[in-house]
>>> print(open('start-v8.txt').read())   # compact mmCIF, C-alpha atoms
# COMPACT_ATOMS: atom_id res chain seq x y z
CA MET U 30 181.27 43.06 106.74
CA GLU U 31 178.76 42.58 109.50
CA ARG U 32 175.44 41.41 108.09
CA LYS U 33 172.61 43.33 109.67
CA GLU U 34 170.16 43.58 106.82
CA TRP U 35 166.47 42.95 107.39
CA PRO U 36 165.19 39.54 106.26
CA LEU U 37 163.87 39.06 102.73
CA TRP U 38 160.15 38.57 102.09
CA GLU U 39 158.47 37.50 98.86
CA VAL U 40 155.43 39.55 97.87
CA PHE U 41 152.26 38.24 96.21
CA VAL U 42 149.51 40.59 95.08
CA ARG U 43 145.91 39.90 94.06
CA SER U 44 145.22 42.58 91.46
CA ARG U 45 141.45 42.24 91.78
CA ASN U 46 138.92 39.86 93.24
CA GLY U 47 138.48 36.80 91.07
CA LEU U 48 142.20 36.54 90.28
CA ASP U 49 145.00 34.61 92.01
CA HIS U 50 147.65 36.24 94.13
CA LYS U 51 150.65 36.55 91.85
CA HIS U 52 154.32 36.86 92.80
CA CYS U 53 155.46 40.40 92.04
CA GLY U 54 158.81 40.86 93.79
CA SER U 55 160.45 41.02 97.18
CA VAL U 56 161.16 43.42 100.01
CA HIS U 57 163.34 43.55 103.11
CA ALA U 58 161.51 44.07 106.41
CA PRO U 59 162.18 43.31 110.09
CA ASP U 60 158.77 41.68 110.75
CA ALA U 61 155.53 40.60 109.11
CA LYS U 62 153.63 43.78 109.85
CA LEU U 63 156.30 46.01 108.32
CA ALA U 64 156.76 43.61 105.41
CA LEU U 65 153.11 44.19 104.48
CA GLN U 66 153.52 47.93 104.87
CA VAL U 67 156.67 48.06 102.74
CA ALA U 68 155.12 45.76 100.11
CA ARG U 69 152.13 48.09 99.93
CA ASP U 70 154.40 51.12 99.41
CA VAL U 71 156.67 49.44 96.89
CA TYR U 72 154.24 47.38 94.81
CA THR U 73 150.79 49.01 94.99
CA ARG U 74 151.28 52.75 94.49
CA ARG U 75 148.83 52.76 91.58
CA GLN U 76 145.99 50.53 92.74
CA GLU U 77 147.74 47.39 91.50
CA GLY U 78 146.18 45.29 94.23
CA VAL U 79 143.32 44.59 96.60
CA SER U 80 145.18 42.04 98.76
CA ILE U 81 148.83 41.31 99.60
CA TRP U 82 150.53 38.17 100.90
CA VAL U 83 154.08 38.27 102.22
CA VAL U 84 156.13 35.24 103.17
CA GLN U 85 159.69 35.07 104.43
CA ALA U 86 161.80 34.02 101.47
CA ASP U 87 163.59 31.25 103.36
CA HIS U 88 160.23 29.63 104.17
CA ILE U 89 159.61 28.94 100.49
CA VAL U 90 160.50 25.45 99.31
CA ALA U 91 161.32 25.41 95.61
CA SER U 92 161.92 22.57 93.18
CA ASP U 93 165.49 22.04 92.04
CA PRO U 94 166.13 23.44 88.52
CA ASP U 95 168.40 20.44 87.88
CA ALA U 96 165.46 18.14 88.62
CA LYS U 97 163.44 19.55 85.72
CA PRO U 98 163.74 16.38 83.58
CA GLU U 99 162.57 13.91 86.21
CA LEU U 100 159.84 16.21 87.48
CA PHE U 101 158.35 17.50 84.28
CA ASP U 102 159.40 15.29 81.35
CA PRO U 103 157.14 12.36 82.33
CA ALA U 104 154.11 14.48 81.37
CA GLU U 105 155.50 14.96 77.88
CA ASP U 106 154.38 11.62 76.40
CA LYS U 107 150.94 11.56 78.02
CA ILE U 108 149.11 13.35 75.27
CA TYR U 109 145.96 11.34 76.08
CA ARG U 110 145.52 13.72 79.04
CA HIS U 111 144.50 16.47 76.60
CA PRO U 112 141.05 16.72 75.01
CA THR U 113 142.55 17.25 71.55
CA PHE U 114 143.94 13.68 71.65
CA TYR U 115 140.47 12.31 70.89
CA GLN U 116 139.19 12.49 67.31
CA LEU U 117 135.40 12.42 67.38
CA PRO U 118 132.97 12.49 64.43
CA ASP U 119 132.49 16.02 63.07
CA GLU U 120 128.86 16.22 64.23
CA VAL U 121 129.87 15.87 67.87
CA ASN U 122 133.43 17.20 67.79
CA HIS U 123 132.49 20.39 69.66
CA MET U 124 132.15 18.17 72.76
CA MET G 24 172.61 54.96 80.39
CA TYR G 25 172.14 54.31 84.09
CA THR G 26 174.86 51.74 83.65
CA GLN G 27 177.44 53.69 81.63
CA ALA G 28 180.20 52.61 83.96
CA LEU G 29 179.97 49.15 82.41
CA ASP G 30 182.20 50.67 79.78
CA ILE G 31 185.00 51.10 82.27
CA PRO G 32 187.16 47.97 82.12
CA GLN G 33 186.96 46.17 85.46
CA GLN G 34 190.11 46.10 87.54
CA GLY G 35 191.70 42.71 87.38
CA ALA G 36 189.24 41.56 84.75
CA ASP G 37 190.42 38.55 82.83
CA LYS G 38 191.68 39.22 79.37
CA GLY G 39 190.37 37.04 76.60
CA PRO G 40 187.79 34.28 76.69
CA LYS G 41 187.59 32.03 79.73
CA ALA G 42 187.46 28.28 79.67
CA VAL G 43 183.93 26.95 79.55
CA GLU G 44 183.02 25.86 83.07
CA ASN G 45 180.61 23.12 82.12
CA PRO G 46 180.18 22.35 78.40
CA ALA G 47 176.79 20.60 78.70
CA TYR G 48 175.24 23.34 80.82
CA GLN G 49 176.85 25.98 78.61
CA ALA G 50 175.26 24.46 75.50
CA GLU G 51 171.84 24.42 77.17
CA PHE G 52 172.31 28.04 78.27
CA ASP G 53 173.38 29.15 74.77
CA ALA G 54 170.40 27.37 73.21
CA LYS G 55 168.00 29.12 75.60
CA ILE G 56 169.50 32.52 74.76
CA ASP G 57 169.46 31.82 71.02
CA ALA G 58 165.79 30.82 71.18
CA GLY G 59 165.00 34.16 72.87
CA GLY G 60 164.15 32.39 76.13
CA TYR G 61 164.65 33.61 79.67
CA ILE G 62 167.20 32.59 82.28
CA GLU G 63 165.74 32.38 85.79
CA ALA G 64 167.43 32.90 89.15
CA LYS G 65 168.21 29.28 90.01
CA ASP G 66 169.17 28.23 86.46
CA TRP G 67 172.79 27.52 85.65
CA MET G 68 174.53 30.51 84.06
CA PRO G 69 178.14 31.29 83.12
CA GLU G 70 179.91 33.15 85.91
CA ALA G 71 180.69 36.08 83.59
CA TYR G 72 176.99 36.45 82.71
CA ARG G 73 176.10 36.52 86.41
CA LYS G 74 178.82 39.07 87.19
CA THR G 75 177.83 41.32 84.30
CA LEU G 76 174.21 41.28 85.44
CA VAL G 77 175.12 42.03 89.06
CA ARG G 78 177.16 45.03 87.88
CA GLN G 79 174.52 46.24 85.46
CA ILE G 80 171.46 45.79 87.68
CA SER G 81 173.16 47.23 90.74
CA GLN G 82 174.48 50.28 88.83
CA HIS G 83 170.96 50.76 87.58
CA ALA G 84 169.54 50.46 91.12
CA HIS G 85 172.15 52.86 92.54
CA SER G 86 171.24 55.37 89.81
CA GLU G 87 167.58 55.27 90.81
CA ILE G 88 168.46 55.76 94.47
CA VAL G 89 170.97 58.58 93.91
CA GLY G 90 168.53 59.99 91.34
CA MET G 91 166.17 60.88 94.17
CA LEU G 92 168.64 63.48 95.47
CA PRO G 93 168.67 66.13 92.70
CA GLU G 94 164.88 66.19 92.61
CA GLY G 95 164.33 65.80 96.34
CA ASN G 96 166.25 69.07 96.53
CA TRP G 97 163.13 70.84 95.19
CA ILE G 98 160.27 69.14 97.06
CA THR G 99 160.03 71.80 99.76
CA ARG G 100 160.28 74.57 97.15
CA ALA G 101 157.70 73.33 94.61
CA PRO G 102 155.64 76.35 93.48
CA THR G 103 152.20 74.84 94.14
CA LEU G 104 150.68 72.05 96.21
CA LYS G 105 149.80 70.18 93.00
CA ARG G 106 153.41 70.27 91.77
CA LYS G 107 154.65 69.23 95.20
CA ALA G 108 152.34 66.19 95.26
CA ILE G 109 153.48 65.23 91.73
CA LEU G 110 157.17 65.61 92.60
CA LEU G 111 156.76 63.59 95.80
CA ALA G 112 155.08 60.79 93.82
CA LYS G 113 157.86 60.86 91.23
CA VAL G 114 160.67 60.74 93.78
CA GLN G 115 158.85 57.92 95.59
CA ASP G 116 158.74 56.06 92.26
CA GLU G 117 162.51 56.43 91.86
CA GLY G 118 162.95 54.88 95.29
CA GLY G 119 160.58 52.08 94.28
CA HIS G 120 162.53 51.48 91.06
CA GLY G 121 165.74 51.20 93.06
CA LEU G 122 164.08 48.62 95.32
CA TYR G 123 162.72 46.50 92.44
CA LEU G 124 166.20 46.45 90.95
CA TYR G 125 168.07 45.65 94.17
CA ALA G 126 165.66 42.72 94.63
CA ALA G 127 166.41 41.54 91.07
CA ALA G 128 170.18 41.79 91.71
CA GLU G 129 169.83 39.83 94.95
CA THR G 130 168.41 36.85 93.02
CA LEU G 131 171.94 36.50 91.61
CA GLY G 132 173.34 35.68 95.03
CA VAL G 133 174.58 39.07 96.21
CA SER G 134 173.22 40.58 99.44
CA ARG G 135 171.56 43.98 99.86
CA ASP G 136 174.24 44.93 102.39
CA GLU G 137 176.99 44.13 99.88
CA LEU G 138 175.26 46.15 97.16
CA LEU G 139 174.79 49.19 99.38
CA ASP G 140 178.30 48.91 100.73
CA ALA G 141 179.65 49.02 97.17
CA LEU G 142 177.70 52.23 96.51
CA HIS G 143 178.66 53.90 99.78
CA THR G 144 182.36 53.14 99.48
CA GLY G 145 182.43 54.40 95.88
CA LYS G 146 183.29 50.95 94.52
CA ALA G 147 180.08 50.84 92.46
CA LYS G 148 179.11 53.51 89.96
CA TYR G 149 175.85 55.24 89.16
CA SER G 150 174.76 57.33 86.18
CA SER G 151 176.81 60.46 85.40
CA ILE G 152 173.61 62.47 84.99
CA PHE G 153 172.85 62.68 88.70
CA ASN G 154 176.07 64.51 89.42
CA TYR G 155 174.78 67.70 87.81
CA PRO G 156 173.13 70.29 90.09
CA THR G 157 169.43 71.26 89.93
CA LEU G 158 169.68 75.05 90.00
CA THR G 159 166.12 76.20 89.26
CA TRP G 160 162.57 74.82 89.24
CA ALA G 161 162.85 74.48 85.43
CA ASP G 162 165.53 71.81 86.02
CA ILE G 163 162.83 69.59 87.55
CA GLY G 164 160.80 69.83 84.33
CA VAL G 165 163.81 69.24 82.11
CA ILE G 166 164.89 66.20 84.13
CA GLY G 167 161.47 64.66 83.58
CA TRP G 168 161.39 65.50 79.89
CA LEU G 169 165.00 64.82 78.82
CA VAL G 170 166.60 62.63 81.50
CA ASP G 171 163.59 60.37 82.02
CA GLY G 172 162.89 60.51 78.28
CA ALA G 173 166.40 59.20 77.60
CA ALA G 174 165.96 56.59 80.33
CA ILE G 175 162.76 55.30 78.72
CA MET G 176 164.52 54.87 75.34
CA ASN G 177 167.11 52.72 77.03
CA GLN G 178 164.78 50.82 79.34
CA ILE G 179 162.14 49.62 76.90
CA PRO G 180 164.50 47.10 75.22
CA LEU G 181 165.58 45.91 78.70
CA CYS G 182 162.02 44.64 79.27
CA LYS G 183 163.02 41.80 76.93
CA CYS G 184 166.42 41.19 78.51
CA SER G 185 167.34 37.52 78.86
CA TYR G 186 167.43 37.52 82.66
CA GLY G 187 163.84 37.03 83.87
CA PRO G 188 163.92 38.91 87.20
CA TYR G 189 165.59 41.95 85.56
CA ALA G 190 163.17 41.92 82.61
CA ARG G 191 160.14 41.77 84.95
CA ALA G 192 161.46 44.64 87.08
CA MET G 193 161.94 46.68 83.91
CA VAL G 194 158.37 46.06 82.75
CA ARG G 195 157.13 47.51 86.03
CA ILE G 196 159.53 50.47 85.81
CA CYS G 197 158.64 51.32 82.20
CA LYS G 198 154.95 51.50 83.08
CA GLU G 199 155.78 54.19 85.62
CA GLU G 200 158.41 56.18 83.69
CA SER G 201 155.94 57.57 81.20
CA PHE G 202 154.31 59.57 84.00
CA HIS G 203 157.74 61.00 84.85
CA GLN G 204 158.40 62.26 81.36
CA ARG G 205 154.92 63.68 80.79
CA GLN G 206 154.76 65.54 84.11
CA GLY G 207 158.13 67.15 83.28
CA TYR G 208 157.01 68.30 79.86
CA ASP G 209 153.71 69.54 81.34
CA LEU G 210 155.63 71.53 83.96
CA LEU G 211 157.74 73.16 81.22
CA LEU G 212 154.69 73.95 79.06
CA THR G 213 153.20 75.78 82.04
CA MET G 214 156.39 77.79 82.56
CA MET G 215 156.57 78.67 78.86
CA LYS G 216 153.10 80.24 79.16
CA GLY G 217 154.39 82.45 82.00
CA THR G 218 156.72 85.45 82.06
CA ASP G 219 159.83 86.12 79.94
CA GLU G 220 161.90 85.34 83.00
CA GLN G 221 160.27 81.91 83.31
CA ARG G 222 160.83 81.17 79.61
CA GLU G 223 164.49 82.12 79.99
CA MET G 224 164.70 79.81 82.97
CA VAL G 225 163.43 76.89 80.85
CA GLN G 226 165.87 77.66 78.01
CA ASP G 227 168.74 77.91 80.48
CA ALA G 228 167.85 74.52 81.97
CA VAL G 229 167.66 72.96 78.49
CA ASN G 230 171.07 74.46 77.67
CA ARG G 231 172.61 72.84 80.74
CA TRP G 232 170.89 69.43 80.50
CA TRP G 233 170.88 68.66 76.76
CA TRP G 234 174.46 67.42 76.44
CA PRO G 235 174.50 65.49 79.71
CA SER G 236 171.24 63.83 78.59
CA ILE G 237 172.61 62.52 75.32
CA MET G 238 175.80 61.44 77.10
CA MET G 239 173.58 59.15 79.20
CA PHE G 240 173.56 56.65 76.35
CA GLY G 241 177.24 56.00 76.96
CA PRO G 242 180.25 55.94 74.63
CA HIS G 243 179.96 55.54 70.87
CA ASP G 244 179.52 51.94 69.77
CA LYS G 245 183.11 51.73 68.50
CA ASP G 246 184.39 52.65 72.00
CA SER G 247 181.96 50.56 74.03
CA VAL G 248 183.90 47.81 75.75
CA HIS G 249 181.21 45.37 76.80
CA SER G 250 178.47 45.90 74.22
CA GLY G 251 179.33 42.90 72.01
CA GLN G 252 179.21 40.33 74.78
CA SER G 253 176.07 41.87 76.30
CA ALA G 254 174.34 41.71 72.92
CA ARG G 255 175.33 38.04 72.57
CA TRP G 256 173.77 37.35 75.98
CA GLY G 257 170.54 39.13 75.17
CA ILE G 258 171.17 41.72 77.89
CA LYS G 259 171.66 44.62 75.50
CA ARG G 260 169.35 44.58 72.49
CA ILE G 261 170.01 47.99 70.88
CA SER G 262 173.39 49.77 70.64
CA ASN G 263 174.29 53.04 72.42
CA ASP G 264 174.42 55.05 69.20
CA ASP G 265 171.13 53.69 67.85
CA LEU G 266 169.35 54.52 71.10
CA ARG G 267 170.91 57.99 71.19
CA GLN G 268 169.79 58.65 67.61
CA LYS G 269 166.24 57.52 68.42
CA PHE G 270 166.19 59.88 71.38
CA VAL G 271 167.51 62.86 69.40
CA ASP G 272 165.00 62.24 66.59
CA ALA G 273 162.09 62.04 69.03
CA THR G 274 163.12 65.09 71.04
CA VAL G 275 163.60 67.73 68.32
CA LYS G 276 159.87 67.98 67.61
CA GLN G 277 159.09 68.15 71.33
CA ALA G 278 161.51 71.08 71.68
CA GLU G 279 159.76 72.90 68.81
CA VAL G 280 156.34 72.50 70.39
CA LEU G 281 157.73 73.72 73.69
CA GLY G 282 159.43 76.68 72.03
CA VAL G 283 163.02 76.04 73.10
CA THR G 284 166.19 75.36 71.12
CA MET G 285 168.90 72.80 71.79
CA PRO G 286 172.42 74.18 72.44
CA ASP G 287 173.86 72.44 69.37
CA PRO G 288 174.34 74.42 66.12
CA ALA G 289 175.05 71.17 64.27
CA LEU G 290 171.63 69.73 65.10
CA GLN G 291 169.80 69.47 61.76
CA TRP G 292 167.73 67.10 59.67
CA ASN G 293 169.71 64.87 57.33
CA ALA G 294 167.32 63.77 54.58
CA GLU G 295 169.79 61.23 53.26
CA ARG G 296 170.09 59.38 56.57
CA GLY G 297 166.49 60.03 57.57
CA HIS G 298 167.76 61.19 60.96
CA TYR G 299 168.90 64.35 62.73
CA ASP G 300 172.64 64.96 62.76
CA TYR G 301 174.11 66.28 66.00
CA GLY G 302 177.42 67.82 67.04
CA ALA G 303 180.44 66.19 68.67
CA ILE G 304 180.00 65.04 72.26
CA ASP G 305 182.54 66.18 74.86
CA TRP G 306 183.71 62.77 76.05
CA ASP G 307 186.32 64.26 78.37
CA GLU G 308 183.51 65.77 80.40
CA PHE G 309 181.62 62.48 80.34
CA TRP G 310 184.50 60.35 81.64
CA ASN G 311 185.39 63.00 84.16
CA VAL G 312 181.89 62.81 85.66
CA VAL G 313 181.64 59.01 85.47
CA ASN G 314 184.97 58.72 87.26
CA GLY G 315 183.84 60.88 90.15
CA HIS G 316 184.97 64.38 89.27
CA GLY G 317 181.67 66.00 88.25
CA GLN G 318 180.12 68.97 90.01
CA GLY G 319 178.02 66.88 92.34
CA ASN G 320 179.74 63.52 92.91
CA VAL G 321 181.08 64.29 96.38
CA ASP G 322 177.86 65.87 97.65
CA ARG G 323 175.61 63.14 96.26
CA LEU G 324 177.56 60.34 97.83
CA ALA G 325 177.91 62.20 101.12
CA ALA G 326 174.15 62.81 101.26
CA ARG G 327 173.46 59.15 100.51
CA VAL G 328 175.92 57.87 103.14
CA LYS G 329 174.58 60.30 105.74
CA ALA G 330 170.99 59.14 105.15
CA TRP G 331 172.10 55.52 105.53
CA GLU G 332 174.11 56.12 108.68
CA ASP G 333 171.51 58.36 110.31
CA GLY G 334 168.92 55.63 109.77
CA ALA G 335 171.05 52.85 111.25
CA TRP G 336 169.57 53.05 114.75
CA VAL G 337 166.04 52.72 113.31
CA ARG G 338 166.97 49.61 111.34
CA ASP G 339 168.72 48.07 114.36
CA ALA G 340 165.82 48.89 116.70
CA ALA G 341 163.29 47.31 114.33
CA LEU G 342 165.32 44.10 114.19
CA GLU G 343 165.73 44.03 117.97
CA HIS G 344 162.01 44.67 118.47
CA GLU G 345 161.17 41.65 116.32
CA ARG G 346 163.82 39.50 118.06
CA LYS G 347 162.23 40.28 121.44
CA ARG G 348 158.71 39.64 120.16
CA ALA G 349 159.73 36.26 118.74
CA ALA G 350 161.47 35.38 122.02
CA ARG G 351 158.30 36.21 123.99
CA GLU G 352 156.27 34.05 121.63
CA ASP G 353 158.70 31.14 122.11
CA GLN G 354 158.45 31.49 125.88
CA ALA G 355 154.65 31.52 125.81
CA ALA G 356 154.55 28.42 123.63
>>> encode(input="start-v8.txt", output="structure tokens")
Amino acid sequence: MERKEWPLWEVFVRSRNGLDHKHCGSVHAPDAKLALQVARDVYTRRQEGVSIWVVQADHIVASDPDAKPELFDPAEDKIYRHPTFYQLPDEVNHM
Amino acid sequence: MYTQALDIPQQGADKGPKAVENPAYQAEFDAKIDAGGYIEAKDWMPEAYRKTLVRQISQHAHSEIVGMLPEGNWITRAPTLKRKAILLAKVQDEGGHGLYLYAAAETLGVSRDELLDALHTGKAKYSSIFNYPTLTWADIGVIGWLVDGAAIMNQIPLCKCSYGPYARAMVRICKEESFHQRQGYDLLLTMMKGTDEQREMVQDAVNRWWWPSIMMFGPHDKDSVHSGQSARWGIKRISNDDLRQKFVDATVKQAEVLGVTMPDPALQWNAERGHYDYGAIDWDEFWNVVNGHGQGNVDRLAARVKAWEDGAWVRDAALEHERKRAAREDQAA
């Protein structure tokens, strides 16, 4: 089958000012302008957003799921990075 | 439900359990499922899990897309501007739901073109319910009330399905479905306050849609081919019969308030079970429709294929326009 589908774009929506843009799905569109338009129609029909980002899916670089251990396990034994690691006297423990 | 055709054994499907492809990965996958965790797009998954999800999510997406046709039939004939605006918004939602779901299916490594091709060539199925005709305006109300009501029953547990992208799409869909059901019931309430002729129209629509609606939940549990495996994988959380019973129990009261009766003399409260009993379902009709011989199968698919083919030049022109723009940009750089 001949592949003529429009490229895939990932859609990120800021639901209101003060919050991050959050990934909410993807759309197919021939160019950036139409990707924004389609994303608006598909993902913000009920005032779900005040701002939209679209990025072509193949421009996203993602970490390898198989690399989870080497990427994320080293943080596991560094509990001293958390405030709860430190036991302070009761009088000042709200610090 | 929208994925009843999962109960048709796949052609050439392997009989019996397959050899485990990778025991270490399989153990990690099983542990994640057992802990109620989510599988994400790039995670390792058994091939059968991936295939089942592609079938289920794409059947669901196709159902949303074909589901626009019976209702779209009435947009130009809506009785008031208000009802027309509501129906347009609802049909647009169905299109949106189809798009969320296609996007979720594509995360499993299947292309949009392949998915659409499967629908257009009849290789992929969609829900039996959309092969019934919408004869009067009351049908639009009954579809919202009963068909979308049945869909909600089925879709709420899918919000916790083990495949992350599907679960997230379902959360979004469920938020929007409630509007669909309530606008349908509201439409019918308005008709019931009208003339005798309008009330008869509502009752007639209920008579035609009741049985197809409860067939949407698919075969009885004892005849459901894939339910066991899907439950093990956390894709299907509640059985066909349990969902159907929940729907029947919830709907009887709504019918009373509306002032209509269901076309089932066996429908009555069973104090012992704490549920409503209902009559025998005509499974011959169900399988007939699922397998392409319902009243509307040929027309629905033809309308869908025509829309796709008539739009081809627009899709091609948009791609070409962008290709030329990018080429100009390259030249200028």
>>> atom_distance(input="start-v8.txt", atom1="atom CA of Gly47 of chain U", atom2="atom CA of Gln76 of chain U")
15.7 Å
>>> atom_distance(input="start-v8.txt", atom1="atom CA of Ala128 of chain G", atom2="atom CA of Ser81 of chain G")
6.3 Å
>>> interface_residues(input="start-v8.txt", of="chain U", to="chain G", cutoff="12 Å", atoms="all atoms listed in the file", output="PyMOL selection string")
chain U and resi 30-40+52-64+67-75+77+86+91-97
>>> atom_distance(input="start-v8.txt", atom1="atom CA of Ala161 of chain G", atom2="atom CA of Met214 of chain G")
7.8 Å
>>> residues_around(input="start-v8.txt", residues="Gln49 of chain G", least_positions_apart="5", cutoff="12 Å", atoms="only C-alpha atoms", output="compact mmCIF listing (two decimals) with C-alpha atoms, in the coordinates of the input")
# COMPACT_ATOMS: atom_id res chain seq x y z
CA ALA G 42 187.46 28.28 79.67
CA VAL G 43 183.93 26.95 79.55
CA GLU G 44 183.02 25.86 83.07
CA ALA G 54 170.40 27.37 73.21
CA LYS G 55 168.00 29.12 75.60
CA ILE G 56 169.50 32.52 74.76
CA ASP G 66 169.17 28.23 86.46
CA TRP G 67 172.79 27.52 85.65
CA MET G 68 174.53 30.51 84.06
CA PRO G 69 178.14 31.29 83.12
CA GLU G 70 179.91 33.15 85.91
CA ALA G 71 180.69 36.08 83.59
CA TYR G 72 176.99 36.45 82.71
>>> residues_around(input="start-v8.txt", residues="segment 235-250 of chain G", least_positions_apart="5", cutoff="10 Å", atoms="only C-alpha atoms", output="PyMOL selection string")
chain G and resi 24-32+75+150-155+165-166+169-174+176-177+229-230+255-256+258-268+270-271+304-306+308-310+312
>>> write_last_selection(input="start-v8.txt", atoms="C-alpha atoms", output="mmCIF file, in the frame of the given file")
data_model
loop_
_atom_site.group_PDB
_atom_site.id
_atom_site.type_symbol
_atom_site.label_atom_id
_atom_site.label_comp_id
_atom_site.auth_asym_id
_atom_site.auth_seq_id
_atom_site.Cartn_x
_atom_site.Cartn_y
_atom_site.Cartn_z
ATOM 1 C CA MET G 24 172.610 54.960 80.390
ATOM 2 C CA TYR G 25 172.140 54.310 84.090
ATOM 3 C CA THR G 26 174.860 51.740 83.650
ATOM 4 C CA GLN G 27 177.440 53.690 81.630
ATOM 5 C CA ALA G 28 180.200 52.610 83.960
ATOM 6 C CA LEU G 29 179.970 49.150 82.410
ATOM 7 C CA ASP G 30 182.200 50.670 79.780
ATOM 8 C CA ILE G 31 185.000 51.100 82.270
ATOM 9 C CA PRO G 32 187.160 47.970 82.120
ATOM 10 C CA THR G 75 177.830 41.320 84.300
ATOM 11 C CA SER G 150 174.760 57.330 86.180
ATOM 12 C CA SER G 151 176.810 60.460 85.400
ATOM 13 C CA ILE G 152 173.610 62.470 84.990
ATOM 14 C CA PHE G 153 172.850 62.680 88.700
ATOM 15 C CA ASN G 154 176.070 64.510 89.420
ATOM 16 C CA TYR G 155 174.780 67.700 87.810
ATOM 17 C CA VAL G 165 163.810 69.240 82.110
ATOM 18 C CA ILE G 166 164.890 66.200 84.130
ATOM 19 C CA LEU G 169 165.000 64.820 78.820
ATOM 20 C CA VAL G 170 166.600 62.630 81.500
ATOM 21 C CA ASP G 171 163.590 60.370 82.020
ATOM 22 C CA GLY G 172 162.890 60.510 78.280
ATOM 23 C CA ALA G 173 166.400 59.200 77.600
ATOM 24 C CA ALA G 174 165.960 56.590 80.330
ATOM 25 C CA MET G 176 164.520 54.870 75.340
ATOM 26 C CA ASN G 177 167.110 52.720 77.030
ATOM 27 C CA VAL G 229 167.660 72.960 78.490
ATOM 28 C CA ASN G 230 171.070 74.460 77.670
ATOM 29 C CA ARG G 255 175.330 38.040 72.570
ATOM 30 C CA TRP G 256 173.770 37.350 75.980
ATOM 31 C CA ILE G 258 171.170 41.720 77.890
ATOM 32 C CA LYS G 259 171.660 44.620 75.500
ATOM 33 C CA ARG G 260 169.350 44.580 72.490
ATOM 34 C CA ILE G 261 170.010 47.990 70.880
ATOM 35 C CA SER G 262 173.390 49.770 70.640
ATOM 36 C CA ASN G 263 174.290 53.040 72.420
ATOM 37 C CA ASP G 264 174.420 55.050 69.200
ATOM 38 C CA ASP G 265 171.130 53.690 67.850
ATOM 39 C CA LEU G 266 169.350 54.520 71.100
ATOM 40 C CA ARG G 267 170.910 57.990 71.190
ATOM 41 C CA GLN G 268 169.790 58.650 67.610
ATOM 42 C CA PHE G 270 166.190 59.880 71.380
ATOM 43 C CA VAL G 271 167.510 62.860 69.400
ATOM 44 C CA ILE G 304 180.000 65.040 72.260
ATOM 45 C CA ASP G 305 182.540 66.180 74.860
ATOM 46 C CA TRP G 306 183.710 62.770 76.050
ATOM 47 C CA GLU G 308 183.510 65.770 80.400
ATOM 48 C CA PHE G 309 181.620 62.480 80.340
ATOM 49 C CA TRP G 310 184.500 60.350 81.640
ATOM 50 C CA VAL G 312 181.890 62.810 85.660
#
>>> axis_aligned_box(input="start-v8.txt", around="segment 274-289 of chain G", padding_each_side="3 Å", output="JSON")
{"center_x": 165.7, "center_y": 70.9, "center_z": 69.0, "size_x": 24.7, "size_y": 17.6, "size_z": 15.4}
>>> residues_near_point(input="start-v8.txt", point="(167.9, 38.7, 76.4)", cutoff="6 Å", atoms="only C-alpha atoms", output="VMD selection string")
chain G and resid 183 to 185 257 to 258
>>> write_last_selection(input="start-v8.txt", atoms="C-alpha atoms", output="mmCIF file, in the coordinates of the input")
data_model
loop_
_atom_site.group_PDB
_atom_site.id
_atom_site.type_symbol
_atom_site.label_atom_id
_atom_site.label_comp_id
_atom_site.auth_asym_id
_atom_site.auth_seq_id
_atom_site.Cartn_x
_atom_site.Cartn_y
_atom_site.Cartn_z
ATOM 1 C CA LYS G 183 163.020 41.800 76.930
ATOM 2 C CA CYS G 184 166.420 41.190 78.510
ATOM 3 C CA SER G 185 167.340 37.520 78.860
ATOM 4 C CA GLY G 257 170.540 39.130 75.170
ATOM 5 C CA ILE G 258 171.170 41.720 77.890
#
>>> closest_residue(input="start-v8.txt", among="U:Val121, U:Pro98, U:Leu65, U:Leu48", to="Gln85 of chain U", atoms="only C-alpha atoms")
U:Leu65
>>> decode(input="start-v8.txt", residues="segment 102-108 of chain G", atoms="N, CA and C atoms", output="mmCIF file, in the first residue's frame")
data_model
loop_
_atom_site.group_PDB
_atom_site.id
_atom_site.type_symbol
_atom_site.label_atom_id
_atom_site.label_comp_id
_atom_site.auth_asym_id
_atom_site.auth_seq_id
_atom_site.Cartn_x
_atom_site.Cartn_y
_atom_site.Cartn_z
ATOM 1 N N PRO G 102 -34.996 19.778 14.297
ATOM 2 C CA PRO G 102 -36.202 20.618 14.334
ATOM 3 C C PRO G 102 -35.954 22.066 14.754
ATOM 4 N N THR G 103 -34.897 22.335 15.511
ATOM 5 C CA THR G 103 -34.621 23.722 15.896
ATOM 6 C C THR G 103 -33.125 23.987 15.746
ATOM 7 N N LEU G 104 -32.765 25.278 15.790
ATOM 8 C CA LEU G 104 -31.355 25.645 15.691
ATOM 9 C C LEU G 104 -30.582 25.104 16.894
ATOM 10 N N LYS G 105 -31.233 25.150 18.064
ATOM 11 C CA LYS G 105 -30.580 24.646 19.287
ATOM 12 C C LYS G 105 -30.232 23.162 19.132
ATOM 13 N N ARG G 106 -31.224 22.373 18.669
ATOM 14 C CA ARG G 106 -30.976 20.935 18.521
ATOM 15 C C ARG G 106 -29.932 20.659 17.442
ATOM 16 N N LYS G 107 -29.909 21.511 16.434
ATOM 17 C CA LYS G 107 -28.921 21.324 15.362
ATOM 18 C C LYS G 107 -27.512 21.571 15.901
ATOM 19 N N ALA G 108 -27.356 22.646 16.707
ATOM 20 C CA ALA G 108 -26.047 22.955 17.281
ATOM 21 C C ALA G 108 -25.590 21.810 18.195
#
